[in-house]
Amino acid sequence: MFSKKGKPAVAAPAPIPTLSGSENWSIPRGLIVLLGIAATVVAVGGMKVFGGILGPVFLALVLTIAVQPIQDWSQRRGWPKWVGMLGSLVTVYLILLGLAASLIVSTAQLATILPQYSEEMTNLLNEGRDKLADFGVSTEQIQSTLSSIDLTKVVGVLESGLEGLLGILSDLVFILALLLFMAFDGMSIRSRLHVLAEQRPEISYALSTFAAGTRKYLVVSTVFGLIVAVLDGGALWLMGIQLPVLWALLSFITNYIPNIGFVIGVIPPALLGLLQGGPWLMLWVIVVYSVINFVIQSIIQPKFVGDAVGLSVTMTFLSLVFWSWVLGALGALLAIPLSLLVKAVLLDIDPATRWADILISGPRDMPKEKPEEPEKPKIPAESEPNGGPDQTSK
């Protein structure tokens with residue numbers, strides 16, 4: 001293009017792009033991160049304040065998920081829905097009431113037998129005082145150290161620990177009522193999820209993943225907990241430790257506490273072994289417990305738990321610490337299901353964030369490389385005298 005005088009026309013400068021209203025008010029990414037952290041702190045603080053309600057509610061939800069297959073099985077057989085609801089409700093009621101009754105009776109037995117070992121405790125303290133004196137520890141230091149040790153305090157520690165387990169079931173009436181209402185809702189949960197899958201498939205996927213992972217975790221932990229309880233209880237019975245059924249039940253319950261459940265379960269029988277037979281019997285209890293629980297809980301079980309829940313060992317331990325701080329003893333027992341729920345709500349619900357599963361999940365098998373195919377032998381082309389291919393022209 002040329003102007004009237006024959007000179008080339010100069011192109012007009014391009015207009016400066018202006019931001020639209022939405023872009024002018026866009027929030028910087030750093031501020032979004034800070035707002036997310038602040039919202040997380042507020043949410044965690046609220047959960048800690050209302051932990052007395054959230055804990056029993058989530059326990060009822062987990063138990064409902066655990067027995068939901070009974071209702072599904074009943075409906076697949078064409079039975080009335082109330083039959084499956086009644087079967088699942090009776091099952092979970094029997095589990096809760098059986099655990100509560102066993103803990104109450106065993107705790108009463110423990111409170112009865114421990115005062116019988118007051119003389120043994122006094123002898124152990126005297127022996128400890130003599131050993132410390134042989135190592136050159138002054139009498140004043142020995143007295144200040146051993147004066148705080150008393151059988152009544154030891155009994156109080158053991159009883160408070162068991163009462164902590166009983167405290168989980170202290171809201172038993174509230175939990176039983178919640179289970180009743182959730183069992184009624186469970187009769188129509190499949191149809192609701194079907195409708196949800198049509199309208200909001202990502203939400204349905206996240207909730208289904210949480211329910212399936214929780215159910216697998218409960219199955220794996222229950223099976224290995226029963227194995228550990230039988231072996232620990234049998235070993236304690238052979239060693240003559242009193243109340244082996246109580247300690248076996250304690251091993252079964254603490255098996256749901258990841259990573260440190262074994263340590264919690266071995267302390268009471270080891271102390272009782274010290275009172276019954278001295279340090280050697282206590283050492284044997286610790287050794288037997290360590291061998292049984294290390295092989296089962298540290299070598300075999302983590303493989304199945306990791307495959308079932310999709311959480312790494314580090315995330316499992318952090319979940320235990322965090323939920324124990326938020327919800328107390330009940331948070332320790334439900335640390336894995338709680339983490340699965342958070343994972344479902346924050347990660348699995350959005351395809352754009354599911355990549356984070358790779359970072360928080362357990363070890364994955366590397367994809368197998370395809371075997372290399374052997375190279376096909378090259379067939380030399382017929383050459384012309386000048387080295388070029390023999391071409392023919394049309």
# chains A, B, ... in the order shown; residues from 1 in each chain; ligands from 1

call {"tool": "residues_around", "arguments": {"residues": "Leu359 (chain A)", "least_positions_apart": "5", "cutoff": "10 Å", "atoms": "only C-alpha atoms", "output": "number ranges by chain"}}
result
A: 311-312, 315, 354

call {"tool": "write_last_selection", "arguments": {"atoms": "N, CA and C atoms", "output": "mmCIF file, in the first residue's frame"}}
result
data_model
loop_
_atom_site.group_PDB
_atom_site.id
_atom_site.type_symbol
_atom_site.label_atom_id
_atom_site.label_comp_id
_atom_site.auth_asym_id
_atom_site.auth_seq_id
_atom_site.Cartn_x
_atom_site.Cartn_y
_atom_site.Cartn_z
ATOM 1 N N LEU A 311 -1.598 -45.005 50.903
ATOM 2 C CA LEU A 311 -0.860 -43.992 51.651
ATOM 3 C C LEU A 311 0.531 -44.526 51.961
ATOM 4 N N SER A 312 1.527 -43.671 51.851
ATOM 5 C CA SER A 312 2.885 -44.078 52.169
ATOM 6 C C SER A 312 3.064 -44.206 53.678
ATOM 7 N N MET A 315 3.192 -40.730 55.298
ATOM 8 C CA MET A 315 1.870 -40.106 55.413
ATOM 9 C C MET A 315 1.027 -40.799 56.475
ATOM 10 N N ARG A 354 -5.425 -35.052 41.041
ATOM 11 C CA ARG A 354 -5.168 -36.466 41.351
ATOM 12 C C ARG A 354 -3.711 -36.851 41.162
#

call {"tool": "residues_around", "arguments": {"residues": "region 234-249 of chain A", "least_positions_apart": "6", "cutoff": "7 Å", "atoms": "only C-alpha atoms", "output": "PyMOL selection string"}}
result
chain A and resi 106+269+273

call {"tool": "atom_distance", "arguments": {"atom1": "CA of Trp323 (chain A)", "atom2": "CA of Pro69 (chain A)"}}
result
27.2 Å

call {"tool": "closest_atom_pairs", "arguments": {"of": "region 181-272 of chain A", "to": "region 57-63 of chain A", "cutoff": "12 Å", "atoms": "only C-alpha atoms", "output": "Markdown table"}}
result
| residue | atom | partner | partner_atom | distance |
| --- | --- | --- | --- | --- |
| A:Phe181 | CA | A:Ala60 | CA | 9.9 |
| A:Met182 | CA | A:Leu61 | CA | 7.5 |
| A:Ala183 | CA | A:Leu61 | CA | 9.8 |
| A:Asp185 | CA | A:Leu61 | CA | 11.2 |
| A:Gly186 | CA | A:Leu61 | CA | 10.6 |
| A:Phe210 | CA | A:Val62 | CA | 10.4 |
| A:Ala211 | CA | A:Val62 | CA | 8.5 |
| A:Ala212 | CA | A:Val62 | CA | 11.1 |
| A:Gly213 | CA | A:Val62 | CA | 11.0 |
| A:Thr214 | CA | A:Val62 | CA | 7.4 |
| A:Arg215 | CA | A:Val62 | CA | 8.3 |
| A:Lys216 | CA | A:Val62 | CA | 11.6 |
| A:Tyr217 | CA | A:Val62 | CA | 10.7 |
| A:Leu218 | CA | A:Val62 | CA | 8.9 |
| A:Val219 | CA | A:Leu63 | CA | 11.7 |

call {"tool": "closest_residue", "arguments": {"among": "A:Leu207, A:Ala43, A:Val223, A:Ile95", "to": "Asp350 (chain A)", "atoms": "only C-alpha atoms"}}
result
A:Leu207

call {"tool": "closest_atom_pairs", "arguments": {"of": "region 239-292 of chain A", "to": "region 116-119 of chain A", "cutoff": "12 Å", "atoms": "only C-alpha atoms", "output": "JSON lines"}}
result
{"residue": "A:Leu271", "atom": "CA", "partner": "A:Tyr117", "partner_atom": "CA", "distance": 11.2}
{"residue": "A:Leu272", "atom": "CA", "partner": "A:Tyr117", "partner_atom": "CA", "distance": 9.1}
{"residue": "A:Gly273", "atom": "CA", "partner": "A:Tyr117", "partner_atom": "CA", "distance": 11.0}
{"residue": "A:Leu274", "atom": "CA", "partner": "A:Tyr117", "partner_atom": "CA", "distance": 10.1}
{"residue": "A:Leu275", "atom": "CA", "partner": "A:Tyr117", "partner_atom": "CA", "distance": 6.4}
{"residue": "A:Gln276", "atom": "CA", "partner": "A:Tyr117", "partner_atom": "CA", "distance": 7.6}
{"residue": "A:Gly277", "atom": "CA", "partner": "A:Tyr117", "partner_atom": "CA", "distance": 10.8}
{"residue": "A:Gly278", "atom": "CA", "partner": "A:Tyr117", "partner_atom": "CA", "distance": 11.4}
